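Participant: File structure_11.txt below, compact mmCIF, C-alpha atoms and all ligand atoms:
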# COMPACT_ATOMS: atom_id res chain seq x y z
CA MET A 1 20.30 19.66 -15.48
CA LEU A 2 23.59 20.83 -13.88
CA GLU A 3 21.84 21.47 -10.58
CA THR A 4 24.10 23.41 -8.23
CA SER A 5 24.85 22.90 -4.54
CA LEU A 6 27.57 23.71 -2.03
CA ALA A 7 29.97 21.14 -0.58
CA GLY A 8 28.70 22.07 2.88
CA SER A 9 29.68 24.90 5.14
CA LEU A 10 29.39 28.67 4.71
CA PRO A 11 30.84 31.42 6.92
CA LYS A 12 28.80 32.12 10.03
CA PRO A 13 27.59 35.68 10.67
CA ALA A 14 29.99 37.67 12.87
CA TRP A 15 27.28 38.06 15.53
CA LEU A 16 27.06 34.26 15.86
CA ALA A 17 30.71 33.18 15.93
CA GLU A 18 34.14 34.69 15.41
CA PRO A 19 34.61 35.04 11.63
CA GLN A 20 37.29 33.48 9.43
CA LYS A 21 38.20 30.86 11.96
CA LEU A 22 37.73 27.10 12.22
CA TRP A 23 36.51 25.86 15.61
CA ALA A 24 35.37 29.47 16.34
CA ALA A 25 33.70 30.00 19.71
CA TRP A 26 29.99 30.93 19.77
CA ARG A 27 29.21 34.54 20.63
CA LEU A 28 25.79 33.70 22.11
CA GLU A 29 24.64 31.31 24.80
CA GLY A 30 21.70 29.13 25.78
CA ALA A 31 18.29 29.91 24.26
CA VAL A 32 19.67 32.99 22.51
CA LEU A 33 22.28 30.84 20.79
CA ALA A 34 19.60 28.37 19.66
CA GLU A 35 17.54 31.22 18.20
CA GLY A 36 20.63 32.75 16.61
CA LYS A 37 21.49 29.49 14.88
CA ARG A 38 18.00 29.25 13.38
CA ASP A 39 18.16 32.85 12.15
CA ALA A 40 21.55 32.18 10.59
CA VAL A 41 20.15 29.11 8.80
CA LEU A 42 17.19 31.10 7.45
CA ALA A 43 19.47 33.85 6.14
CA CYS A 44 21.79 31.35 4.57
CA ILE A 45 18.98 29.44 2.81
CA LYS A 46 17.52 32.69 1.49
CA ARG A 47 20.84 33.87 0.09
CA GLN A 48 21.43 30.53 -1.62
CA GLU A 49 17.95 30.70 -3.14
CA ASP A 50 18.49 34.28 -4.30
CA ALA A 51 21.84 33.34 -5.81
CA GLY A 52 20.11 30.59 -7.80
CA ILE A 53 21.53 27.54 -5.99
CA ASP A 54 19.30 24.53 -6.72
CA ILE A 55 19.98 22.21 -3.77
CA VAL A 56 20.44 24.20 -0.56
CA THR A 57 22.35 23.36 2.62
CA ASP A 58 22.18 24.90 6.09
CA GLY A 59 25.76 26.10 5.64
CA GLU A 60 26.53 24.12 8.83
CA GLN A 61 25.50 27.23 10.75
CA SER A 62 24.34 25.20 13.75
CA ARG A 63 27.48 23.21 14.42
CA HIS A 64 30.79 24.10 15.97
CA HIS A 65 32.80 21.95 13.53
CA PHE A 66 31.90 19.55 10.76
CA VAL A 67 33.10 16.52 12.72
CA HIS A 68 32.56 17.36 16.35
CA GLY A 69 29.06 18.78 15.76
CA PHE A 70 27.63 15.28 15.30
CA LEU A 71 29.48 13.76 18.26
CA VAL A 72 27.46 15.61 20.90
CA GLY A 73 24.64 13.04 20.63
CA LEU A 74 26.84 10.02 21.28
CA SER A 75 27.90 8.13 24.39
CA GLY A 76 31.45 6.94 25.00
CA LEU A 77 33.17 10.28 24.41
CA ASP A 78 34.95 12.53 26.90
CA PHE A 79 34.70 16.17 25.83
CA GLU A 80 36.03 17.45 29.19
CA HIS A 81 39.57 16.18 28.82
CA LYS A 82 40.42 16.92 25.20
CA ARG A 83 43.79 15.83 23.92
CA THR A 84 45.96 17.47 21.25
CA ILE A 85 46.48 15.02 18.41
CA GLY A 86 47.92 15.16 14.91
CA ILE A 87 45.15 14.56 12.37
CA ARG A 88 45.15 13.68 8.64
CA ASN A 89 48.49 11.87 9.10
CA ASN A 90 49.84 14.67 11.32
CA ARG A 91 49.07 17.42 8.80
CA TYR A 92 47.71 19.56 11.58
CA LYS A 93 46.93 19.53 15.26
CA ALA A 94 43.46 19.46 16.76
CA GLU A 95 42.00 19.42 20.25
CA ALA A 96 40.20 16.11 20.17
CA PRO A 97 37.62 14.48 22.43
CA VAL A 98 38.69 11.06 23.72
CA VAL A 99 36.82 7.77 23.13
CA THR A 100 36.50 6.21 26.59
CA GLY A 101 33.63 3.73 26.14
CA ALA A 102 31.19 2.14 23.71
CA ILE A 103 30.00 4.55 20.99
CA LYS A 104 26.19 4.68 20.88
CA ARG A 105 23.79 7.29 19.55
CA ILE A 106 21.88 8.31 22.64
CA ARG A 107 19.84 11.11 21.09
CA PRO A 108 19.06 12.65 17.69
CA VAL A 109 21.49 15.41 16.75
CA HIS A 110 20.44 17.23 13.58
CA GLY A 111 16.82 16.04 13.15
CA ASP A 112 15.26 19.30 14.34
CA GLU A 113 17.61 21.25 12.10
CA VAL A 114 16.57 19.41 8.96
CA ARG A 115 12.86 19.68 9.86
CA PHE A 116 13.34 23.42 10.38
CA MET A 117 14.92 23.70 6.92
CA ARG A 118 12.16 21.60 5.35
CA ALA A 119 9.57 23.98 6.78
CA HIS A 120 11.29 27.02 5.29
CA THR A 121 12.35 26.12 1.76
CA LYS A 122 10.77 24.47 -1.24
CA LYS A 123 14.19 23.68 -2.70
CA GLN A 124 15.84 20.31 -2.38
CA ILE A 125 17.91 20.02 0.80
CA LYS A 126 21.33 18.50 1.19
CA PHE A 127 22.46 17.68 4.70
CA THR A 128 26.04 16.79 5.61
CA LEU A 129 27.44 14.38 8.19
CA PRO A 130 31.06 13.46 8.83
CA GLY A 131 32.06 10.06 7.44
CA PRO A 132 33.19 7.23 9.73
CA MET A 133 36.89 7.32 8.77
CA THR A 134 37.12 11.08 9.12
CA ILE A 135 35.51 10.95 12.57
CA VAL A 136 37.97 8.27 13.67
CA ASP A 137 40.83 10.41 12.38
CA THR A 138 39.64 13.45 14.36
CA LEU A 139 39.52 11.76 17.78
CA ALA A 140 41.79 10.24 20.40
CA ASP A 141 40.84 6.64 21.26
CA ASP A 142 41.48 4.91 24.59
CA HIS A 143 38.79 2.24 24.20
CA TYR A 144 38.51 0.47 20.83
CA ARG A 145 42.22 0.52 19.95
CA SER A 146 41.25 -0.28 16.38
CA ARG A 147 40.42 2.39 13.81
CA GLU A 148 38.33 -0.12 11.89
CA LYS A 149 36.21 -1.24 14.86
CA LEU A 150 35.75 2.35 15.96
CA ALA A 151 34.72 3.35 12.43
CA PHE A 152 31.99 0.70 12.35
CA ALA A 153 30.70 1.84 15.75
CA PHE A 154 30.38 5.36 14.32
CA ALA A 155 28.84 3.98 11.12
CA GLU A 156 26.00 2.44 13.19
CA ALA A 157 25.40 5.76 14.94
CA LEU A 158 25.58 7.68 11.65
CA ASN A 159 23.09 5.33 10.04
CA ALA A 160 20.52 5.92 12.79
CA GLU A 161 21.06 9.67 12.45
CA ALA A 162 20.88 9.58 8.64
CA ARG A 163 17.56 7.69 8.71
CA ASP A 164 16.20 10.40 10.99
CA LEU A 165 17.42 13.13 8.60
CA GLU A 166 15.80 11.33 5.68
CA ALA A 167 12.52 11.12 7.58
CA GLY A 168 12.84 14.84 8.35
CA GLY A 169 12.95 15.75 4.67
CA ALA A 170 16.59 15.63 3.53
CA ASP A 171 16.81 14.94 -0.22
CA VAL A 172 20.54 14.27 -0.20
CA ILE A 173 22.64 13.04 2.71
CA GLN A 174 26.35 13.60 2.24
CA PHE A 175 29.12 12.02 4.26
CA ASP A 176 32.32 14.07 4.39
CA GLU A 177 35.41 11.90 4.06
CA PRO A 178 38.45 14.16 3.50
CA ALA A 179 40.47 11.42 5.25
CA PHE A 180 39.94 9.22 2.15
CA ASN A 181 42.72 11.14 0.39
CA VAL A 182 45.17 10.45 3.19
CA PHE A 183 44.74 6.75 3.94
CA PRO A 184 44.14 4.88 0.65
CA GLY A 185 45.02 1.50 2.22
CA GLU A 186 42.40 1.92 4.94
CA VAL A 187 39.85 3.14 2.38
CA ARG A 188 40.27 -0.15 0.54
CA ASP A 189 40.41 -2.35 3.66
CA TRP A 190 37.43 -0.95 5.59
CA GLY A 191 36.72 2.71 4.71
CA ILE A 192 34.25 2.06 1.89
CA ALA A 193 32.53 -0.70 3.87
CA ALA A 194 32.11 1.59 6.89
CA LEU A 195 30.76 4.34 4.64
CA GLU A 196 28.26 1.94 3.06
CA ARG A 197 27.18 0.84 6.55
CA ALA A 198 26.52 4.49 7.46
CA ALA A 199 24.36 4.88 4.33
CA ALA A 200 22.62 1.48 4.52
CA GLY A 201 18.88 1.47 3.82
CA LEU A 202 18.63 5.14 2.84
CA LYS A 203 16.22 5.86 -0.01
CA CYS A 204 17.22 9.49 -0.51
CA LYS A 205 20.30 10.34 -2.55
CA THR A 206 23.59 9.58 -0.82
CA ALA A 207 26.86 11.40 -1.44
CA VAL A 208 30.44 11.32 -0.26
CA HIS A 209 32.66 14.39 -0.27
CA ILE A 210 36.40 13.88 -0.58
CA CYS A 211 38.80 16.74 -1.03
CA TYR A 212 42.13 18.36 -0.30
CA GLY A 213 40.78 20.45 2.53
CA TYR A 214 39.97 24.01 3.45
CA GLY A 215 42.20 26.89 2.36
CA ILE A 216 44.05 26.97 5.69
CA ALA A 217 47.84 27.22 5.90
CA ALA A 218 48.44 23.57 6.90
CA ASN A 219 46.53 22.34 3.86
CA LEU A 220 48.26 24.72 1.47
CA ALA A 221 51.63 23.47 2.76
CA TRP A 222 50.52 19.84 2.38
CA LYS A 223 49.40 20.43 -1.20
CA GLN A 224 52.93 21.66 -1.99
CA THR A 225 54.21 18.16 -1.15
CA LEU A 226 51.80 16.29 -3.43
CA GLY A 227 53.73 16.90 -6.67
CA GLY A 228 52.58 18.15 -10.06
CA GLN A 229 49.68 15.73 -10.39
CA TRP A 230 47.35 14.77 -7.56
CA ARG A 231 46.52 11.14 -8.24
CA GLN A 232 45.12 10.13 -4.82
CA TYR A 233 41.64 9.88 -6.32
CA GLU A 234 42.93 7.25 -8.72
CA ASP A 235 42.99 4.68 -5.88
CA VAL A 236 39.69 5.70 -4.36
CA PHE A 237 37.43 6.34 -7.37
CA PRO A 238 37.27 2.75 -8.70
CA LEU A 239 36.26 1.61 -5.19
CA LEU A 240 33.60 4.31 -4.93
CA ALA A 241 32.33 3.46 -8.42
CA LYS A 242 31.58 -0.07 -7.17
CA SER A 243 30.01 1.16 -3.91
CA GLY A 244 26.38 1.83 -3.12
CA ILE A 245 26.97 5.58 -2.68
CA GLY A 246 25.20 7.57 -5.39
CA GLN A 247 27.18 10.80 -5.66
CA VAL A 248 30.81 11.83 -5.29
CA SER A 249 31.77 15.43 -4.45
CA LEU A 250 35.32 16.43 -5.21
CA GLU A 251 37.75 19.24 -5.88
CA CYS A 252 38.31 20.35 -9.50
CA ALA A 253 38.84 24.15 -9.53
CA ASN A 254 42.53 25.14 -9.54
CA SER A 255 43.43 21.65 -8.39
CA LYS A 256 46.13 19.42 -9.80
CA VAL A 257 43.76 16.49 -10.03
CA PRO A 258 44.04 15.12 -13.60
CA ILE A 259 40.53 15.73 -14.87
CA GLU A 260 40.36 12.43 -16.76
CA LEU A 261 40.22 10.66 -13.37
CA LEU A 262 36.54 11.69 -13.28
CA GLY A 263 36.01 8.97 -15.89
CA LEU A 264 36.72 6.41 -13.14
CA LEU A 265 33.41 7.35 -11.49
CA LYS A 266 31.29 5.95 -14.30
CA GLY A 267 27.66 5.48 -13.24
CA LYS A 268 27.87 7.93 -10.32
CA ASP A 269 26.68 11.49 -10.06
CA VAL A 270 29.72 13.75 -9.80
CA LEU A 271 29.57 16.96 -7.76
CA VAL A 272 32.27 18.87 -9.60
CA GLY A 273 34.07 21.45 -7.45
CA ALA A 274 34.13 24.55 -9.65
CA ILE A 275 34.85 27.02 -6.85
CA ASP A 276 38.28 27.20 -5.19
CA VAL A 277 38.04 27.60 -1.42
CA ALA A 278 41.75 28.31 -0.98
CA ASN A 279 42.19 31.63 -2.79
CA GLU A 280 41.24 35.23 -2.16
CA THR A 281 39.42 36.03 -5.40
CA ALA A 282 35.95 35.08 -6.53
CA GLU A 283 35.75 33.14 -9.76
CA THR A 284 33.97 34.76 -12.67
CA PRO A 285 30.91 32.90 -13.97
CA GLU A 286 32.91 32.26 -17.14
CA GLN A 287 35.68 30.56 -15.14
CA VAL A 288 33.09 28.36 -13.45
CA ALA A 289 31.60 27.55 -16.85
CA ALA A 290 35.06 26.60 -18.17
CA THR A 291 35.59 24.12 -15.30
CA ILE A 292 32.17 22.58 -15.93
CA ARG A 293 32.85 22.28 -19.68
CA THR A 294 36.13 20.49 -19.00
CA ALA A 295 34.43 18.08 -16.61
CA LEU A 296 31.69 17.44 -19.19
CA LYS A 297 34.31 15.72 -21.35
CA HIS A 298 34.45 12.96 -18.72
CA VAL A 299 31.03 13.06 -17.01
CA PRO A 300 27.65 13.00 -18.82
CA ALA A 301 25.61 16.17 -18.24
CA GLU A 302 22.82 14.26 -16.48
CA ASN A 303 25.38 13.08 -13.88
CA LEU A 304 27.18 16.40 -13.39
CA PHE A 305 26.31 18.67 -10.45
CA PRO A 306 28.39 21.88 -10.17
CA CYS A 307 29.55 22.47 -6.60
CA THR A 308 32.29 24.08 -4.49
CA ASN A 309 35.64 22.35 -3.92
CA CYS A 310 35.06 22.12 -0.17
CA GLY A 311 33.40 23.91 2.73
CA MET A 312 33.75 27.69 3.02
CA ALA A 313 33.50 28.03 6.83
CA PRO A 314 36.82 29.83 7.35
CA MET A 315 36.38 32.25 4.42
CA ALA A 316 35.48 35.97 4.54
CA ALA A 317 31.68 36.15 4.16
CA ASP A 318 31.59 38.64 1.25
CA LEU A 319 34.02 36.55 -0.74
CA ALA A 320 32.13 33.33 -0.03
CA TRP A 321 28.83 34.80 -1.25
CA GLN A 322 30.46 36.19 -4.41
CA LYS A 323 31.69 32.67 -5.10
CA VAL A 324 28.25 31.16 -4.49
CA GLU A 325 26.73 33.60 -6.99
CA ALA A 326 29.45 32.86 -9.55
CA LEU A 327 28.76 29.13 -9.18
CA ALA A 328 25.06 29.55 -10.00
CA LYS A 329 25.73 31.94 -12.89
CA GLY A 330 28.47 29.75 -14.34
CA ALA A 331 26.22 26.70 -14.30
CA ALA A 332 23.48 28.74 -15.99
CA ILE A 333 25.85 29.65 -18.84
CA VAL A 334 26.60 26.00 -19.59
CA ARG A 335 22.94 25.03 -19.22
CA ARG A 336 22.05 27.58 -21.91
CA GLU A 337 24.80 26.21 -24.14
CA LEU A 338 23.31 22.75 -23.74
CA GLY A 339 19.88 24.12 -24.60
CA SER A 340 18.39 23.47 -21.17
CA ASN A 341 16.51 25.92 -18.99
CA ARG A 342 16.84 23.66 -15.98
ZN ZN A 401 36.24 19.27 1.76
Mind turning the file's structure into structure tokens?
Facilitator:
Amino acid sequence: MLETSLAGSLPKPAWLAEPQKLWAAWRLEGAVLAEGKRDAVLACIKRQEDAGIDIVTDGEQSRHHFVHGFLVGLSGLDFEHKRTIGIRNNRYKAEAPVVTGAIKRIRPVHGDEVRFMRAHTKKQIKFTLPGPMTIVDTLADDHYRSREKLAFAFAEALNAEARDLEAGGADVIQFDEPAFNVFPGEVRDWGIAALERAAAGLKCKTAVHICYGYGIAANLAWKQTLGGQWRQYEDVFPLLAKSGIGQVSLECANSKVPIELLGLLKGKDVLVGAIDVANETAETPEQVAATIRTALKHVPAENLFPCTNCGMAPMAADLAWQKVEALAKGAAIVRRELGSNR
């Protein structure tokens, strides 16, 4: 009960990539980089286990960025001539690869990574992939000229990859769709359908992560414009509740999301973000417990999975690990209150 996991990423060790930076360059190359990534994954699994996290991730230690990491196994993309585009409705700028031809998965991307994890932990494993809409929103497109058509091309590729991850031992496959908060019309028109296509046929648990982003300056400024109550989830939750996706991961700690909106996810597992990723202080276990107790008023305990608000890639490592420990301890407090050891 109240099994804990992280939304996805963790800081990379300073010897692997420049710390506290998104899109940070690798500090190793070639075979040494490959070995370094595996060592970073091992360390990150061990620290999650020691902290008491129930469902571990690889902390996205092996990928450059949560979206572009997956794209390296696909055809139809030009990584040589990146273009600066405004993403998430122009909230911030990114150097984006350009779609120049048909999108096809030409090789497995993360299969070896999940098999490596499976060989080195007895815990359940969650593996993250970017969702179709978020990929589309993080690229320039000179070929499809339709966000919907492009999203379905990515959904096909994601589905092939996800089946491979499932076969490799992933217990949960999560699609990250932060773009769902930005384009509610597209979510309704094709976003959910593309997401379901990406998850089609999977027998493991499936999850979608939606959120208000990392604690970087552009996101903090955007949040200032959203008013006193963040009701974006109100449009998206009823659609997700009707979808075939099993779990929804979202932001609850220090957020202005009205907590009663969780009630719109009836029947789904809810990964309740009880750790803020946009502040400089670690939560106390008691603060985590308080967030979980509030969420329990709207989500049955058997469907509630304490989690972080979002990825922690750009955070200082010490702070991130303090937060991970607080998450596990806070969940344990509430478990004891509910009379459960698990
Ligand atoms: Zn997020």
Participant: Which of these, A:Ala221, A:Met315, A:Ala331, A:Glu80, has the shortest distance to Asn279 of chain A once you count all atoms listed in the file?
Facilitator: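 Distance minimum relative to Asn279 of chain A lands on A:Met315.
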Participant: For ligand ZN 401 (chain A), return the neighbouring residues as a ChimeraX atom specification (distance at most 9 Å; only C-alpha atoms and all ligand atoms).
Facilitator: /A:7-8,176-178,209-214,249-251,308-312
Participant: How about saving the chosen residues, C-alpha atoms kept, as a PDB file, in the coordinates of the input?
Facilitator:
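Dumped everything to out.pdb:
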ATOM      1  CA  ALA A   7      29.970  21.140  -0.580  1.00  0.00           C
ATOM      2  CA  GLY A   8      28.700  22.070   2.880  1.00  0.00           C
ATOM      3  CA  ASP A 176      32.320  14.070   4.390  1.00  0.00           C
ATOM      4  CA  GLU A 177      35.410  11.900   4.060  1.00  0.00           C
ATOM      5  CA  PRO A 178      38.450  14.160   3.500  1.00  0.00           C
ATOM      6  CA  HIS A 209      32.660  14.390  -0.270  1.00  0.00           C
ATOM      7  CA  ILE A 210      36.400  13.880  -0.580  1.00  0.00           C
ATOM      8  CA  CYS A 211      38.800  16.740  -1.030  1.00  0.00           C
ATOM      9  CA  TYR A 212      42.130  18.360  -0.300  1.00  0.00           C
ATOM     10  CA  GLY A 213      40.780  20.450   2.530  1.00  0.00           C
ATOM     11  CA  TYR A 214      39.970  24.010   3.450  1.00  0.00           C
ATOM     12  CA  SER A 249      31.770  15.430  -4.450  1.00  0.00           C
ATOM     13  CA  LEU A 250      35.320  16.430  -5.210  1.00  0.00           C
ATOM     14  CA  GLU A 251      37.750  19.240  -5.880  1.00  0.00           C
ATOM     15  CA  THR A 308      32.290  24.080  -4.490  1.00  0.00           C
ATOM     16  CA  ASN A 309      35.640  22.350  -3.920  1.00  0.00           C
ATOM     17  CA  CYS A 310      35.060  22.120  -0.170  1.00  0.00           C
ATOM     18  CA  GLY A 311      33.400  23.910   2.730  1.00  0.00           C
ATOM     19  CA  MET A 312      33.750  27.690   3.020  1.00  0.00           C
TER      20      MET A 312
END
Participant: Counting only C-alpha atoms, which of A:Ile53, A:Ala326, A:Val257, A:Val248 gets nearest to Lys123 of chain A?
Facilitator: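 Nearest candidate to Lys123 of chain A out of A:Ile53, A:Ala326, A:Val257, A:Val248: A:Ile53.
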Participant: Return the single residue from A:Gln20, A:Gln48, A:Ser62, A:Gln124 that is closest to Glu35 of chain A, with distances computed using all atoms listed in the file.
Facilitator: A:Ser62
Participant: For Trp26 of chain A, list every protein, DNA or RNA residue within 12 Å, evaluated using all atoms listed in the file, and leave out those in the same chain fewer than 5 positions away; present the list as a list in words.
Facilitator: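 Here the qualifying residues turn out to be Lys12, Pro13, Ala14, Trp15, Leu16, Ala17, Glu18, Pro19, Lys21, Val32, Leu33, Ala34, Gly36, Lys37, Gln61, Ser62, Arg63, His64 and His65 of chain A.
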Participant: Pick out the closest residue to Lys205 of chain A from this set: A:Leu261, A:Val41, A:Leu165, A:Ala193. Count only C-alpha atoms.
Facilitator: A:Leu165
Participant: Between atom CA of Asp276 of chain A and atom CA of Asp171 of chain A, what is the distance in Å, rounded to a tenth?
Facilitator: 25.2 Å
Participant: Give me the residues near Val136 of chain A as a CSV table (one decimal) with C-alpha atoms, keeping the file's coordinate frame, where near means some atom within 10 Å (using only C-alpha atoms) and where sequence neighbours in that chain fewer than 3 positions away do not count.
Facilitator:
chain,number,residue,atom,x,y,z
A,67,VAL,CA,33.1,16.5,12.7
A,87,ILE,CA,45.2,14.6,12.4
A,99,VAL,CA,36.8,7.8,23.1
A,130,PRO,CA,31.1,13.5,8.8
A,131,GLY,CA,32.1,10.1,7.4
A,132,PRO,CA,33.2,7.2,9.7
A,133,MET,CA,36.9,7.3,8.8
A,139,LEU,CA,39.5,11.8,17.8
A,140,ALA,CA,41.8,10.2,20.4
A,141,ASP,CA,40.8,6.6,21.3
A,146,SER,CA,41.2,-0.3,16.4
A,147,ARG,CA,40.4,2.4,13.8
A,148,GLU,CA,38.3,-0.1,11.9
A,149,LYS,CA,36.2,-1.2,14.9
A,150,LEU,CA,35.8,2.4,16.0
A,151,ALA,CA,34.7,3.4,12.4
A,152,PHE,CA,32.0,0.7,12.4
A,153,ALA,CA,30.7,1.8,15.8
A,154,PHE,CA,30.4,5.4,14.3
A,179,ALA,CA,40.5,11.4,5.2
Participant: Go through A:Glu283, A:Asp137, A:Glu302, A:Asp54 one by one, measure the shortest atom-to-atom distance of each to Asp269 of chain A using only C-alpha atoms, and give the residue with the smallest value.
Facilitator: A:Glu302
Participant: Could you list, as a list in words, every residue within 9 Å of segment 196-199 of chain A, counting all atoms listed in the file and ignoring same-chain residues fewer than 3 positions away?
Facilitator: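 Within the cut-off, the hits are Gly131, Pro132, Phe152, Phe154, Ala155, Glu156, Ala157, Leu158, Asn159, Ala160, Ala162, Arg163, Ile173, Phe175, Gly191, Ile192, Ala193, Leu202, Thr206, Ser243, Gly244 and Ile245 of chain A.
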Participant: Okay, now the selection with C-alpha atoms, as a PDB file, in the frame of the given file?
Facilitator:
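result.pdb, freshly written:
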ATOM      1  CA  GLY A 131      32.060  10.060   7.440  1.00  0.00           C
ATOM      2  CA  PRO A 132      33.190   7.230   9.730  1.00  0.00           C
ATOM      3  CA  PHE A 152      31.990   0.700  12.350  1.00  0.00           C
ATOM      4  CA  PHE A 154      30.380   5.360  14.320  1.00  0.00           C
ATOM      5  CA  ALA A 155      28.840   3.980  11.120  1.00  0.00           C
ATOM      6  CA  GLU A 156      26.000   2.440  13.190  1.00  0.00           C
ATOM      7  CA  ALA A 157      25.400   5.760  14.940  1.00  0.00           C
ATOM      8  CA  LEU A 158      25.580   7.680  11.650  1.00  0.00           C
ATOM      9  CA  ASN A 159      23.090   5.330  10.040  1.00  0.00           C
ATOM     10  CA  ALA A 160      20.520   5.920  12.790  1.00  0.00           C
ATOM     11  CA  ALA A 162      20.880   9.580   8.640  1.00  0.00           C
ATOM     12  CA  ARG A 163      17.560   7.690   8.710  1.00  0.00           C
ATOM     13  CA  ILE A 173      22.640  13.040   2.710  1.00  0.00           C
ATOM     14  CA  PHE A 175      29.120  12.020   4.260  1.00  0.00           C
ATOM     15  CA  GLY A 191      36.720   2.710   4.710  1.00  0.00           C
ATOM     16  CA  ILE A 192      34.250   2.060   1.890  1.00  0.00           C
ATOM     17  CA  ALA A 193      32.530  -0.700   3.870  1.00  0.00           C
ATOM     18  CA  LEU A 202      18.630   5.140   2.840  1.00  0.00           C
ATOM     19  CA  THR A 206      23.590   9.580  -0.820  1.00  0.00           C
ATOM     20  CA  SER A 243      30.010   1.160  -3.910  1.00  0.00           C
ATOM     21  CA  GLY A 244      26.380   1.830  -3.120  1.00  0.00           C
ATOM     22  CA  ILE A 245      26.970   5.580  -2.680  1.00  0.00           C
TER      23      ILE A 245
END
Participant: For a test of reading the model, state the distance in Å between atom CA of Val334 of chain A and atom CA of Arg293 of chain A, rounded to one decimal.
Facilitator: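 Separating atom CA of Val334 of chain A from atom CA of Arg293 of chain A is a distance of 7.3 Å.
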Participant: List every protein, DNA or RNA residue with an atom no more than 12 Å from (38.7, -0.6, 0.8) in the file's coordinates, counting only C-alpha atoms, and format the result as a list of chain:residue names.
Facilitator: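 Here the neighbourhood of the point contains A:Met133, A:Glu148, A:Phe180, A:Phe183, A:Pro184, A:Gly185, A:Glu186, A:Val187, A:Arg188, A:Asp189, A:Trp190, A:Gly191, A:Ile192, A:Ala193, A:Ala194, A:Leu195, A:Glu196, A:Asp235, A:Val236, A:Phe237, A:Pro238, A:Leu239, A:Leu240, A:Ala241, A:Lys242, A:Ser243.
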Participant: Find, counting only C-alpha atoms, the residue in A:Ala96, A:Ala289, A:Met117, A:Leu74 that gets nearest to Lys46 of chain A.
Facilitator: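 The closest residue to Lys46 of chain A is A:Met117.
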Participant: What is the distance between atom CA of Leu264 of chain A and atom CA of Thr128 of chain A, in Å to one decimal?
Facilitator: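 These atoms are spaced 23.9 Å apart.
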Participant: I'd like the contact shell of Cys252 of chain A - 6 Å cut-off, all atoms listed in the file, skipping same-chain residues fewer than 2 positions apart - returned as a list in words.
Facilitator: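 Skipping anything fewer than 2 positions along the chain leaves Ser255, Gly273 and Ala274 of chain A.
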Participant: So that each row is one residue of segment 146-251 of chain A with an atom at most 9 Å from segment 113-116 of chain A, can you give its shortest atom pair and the distance in Å to one decimal, using all atoms listed in the file, rows by chain and rising number, as JSON lines?
Facilitator:
{"residue": "A:Leu165", "atom": "CA", "partner": "A:Val114", "partner_atom": "CA", "distance": 6.3}
{"residue": "A:Glu166", "atom": "CA", "partner": "A:Val114", "partner_atom": "CA", "distance": 8.8}
{"residue": "A:Ala167", "atom": "CA", "partner": "A:Arg115", "partner_atom": "CA", "distance": 8.9}
{"residue": "A:Gly168", "atom": "CA", "partner": "A:Arg115", "partner_atom": "CA", "distance": 5.1}
{"residue": "A:Gly169", "atom": "CA", "partner": "A:Arg115", "partner_atom": "CA", "distance": 6.5}
{"residue": "A:Ala170", "atom": "CA", "partner": "A:Val114", "partner_atom": "CA", "distance": 6.6}
Participant: Could you pull the residues within 10 Å of segment 93-95 of chain A, counting only C-alpha atoms, minus those fewer than 5 positions along the same chain, as a PyMOL selection string?
Facilitator: chain A and resi 23+79+81-88+138-140+218
Participant: Those residues with C-alpha atoms, as a CSV table (one decimal), in the frame of the given file please?
Facilitator:
chain,number,residue,atom,x,y,z
A,23,TRP,CA,36.5,25.9,15.6
A,79,PHE,CA,34.7,16.2,25.8
A,81,HIS,CA,39.6,16.2,28.8
A,82,LYS,CA,40.4,16.9,25.2
A,83,ARG,CA,43.8,15.8,23.9
A,84,THR,CA,46.0,17.5,21.2
A,85,ILE,CA,46.5,15.0,18.4
A,86,GLY,CA,47.9,15.2,14.9
A,87,ILE,CA,45.2,14.6,12.4
A,88,ARG,CA,45.2,13.7,8.6
A,138,THR,CA,39.6,13.4,14.4
A,139,LEU,CA,39.5,11.8,17.8
A,140,ALA,CA,41.8,10.2,20.4
A,218,ALA,CA,48.4,23.6,6.9
Participant: Could you work out an axis-aligned box for segment 154-159 of chain A, taking every atom the file lists and adding 6 Å on each side, and report centre and edge lengths in Å to one decimal, as lines of an AutoDock Vina configuration file?
Facilitator:
center_x = 26.7
center_y = 5.1
center_z = 12.5
size_x = 19.3
size_y = 17.2
size_z = 16.9
Participant: Add whatever atoms are absent from segment 76-81 of chain A to reach N, CA and C atoms, and provide the output as a compact mmCIF listing (two decimals), in the frame of the given file.
Facilitator:
# COMPACT_ATOMS: atom_id res chain seq x y z
N GLY A 76 30.12 7.52 25.14
CA GLY A 76 31.45 6.94 25.00
C GLY A 76 32.54 7.95 24.69
N LEU A 77 32.19 9.25 24.75
CA LEU A 77 33.17 10.28 24.41
C LEU A 77 33.38 11.23 25.59
N ASP A 78 34.62 11.57 25.85
CA ASP A 78 34.95 12.53 26.90
C ASP A 78 35.34 13.86 26.24
N PHE A 79 34.44 14.83 26.40
CA PHE A 79 34.70 16.17 25.83
C PHE A 79 35.40 17.07 26.86
N GLU A 80 35.47 16.61 28.12
CA GLU A 80 36.03 17.45 29.19
C GLU A 80 37.55 17.45 29.16
N HIS A 81 38.11 16.31 28.79
CA HIS A 81 39.57 16.18 28.82
C HIS A 81 40.08 15.98 27.39
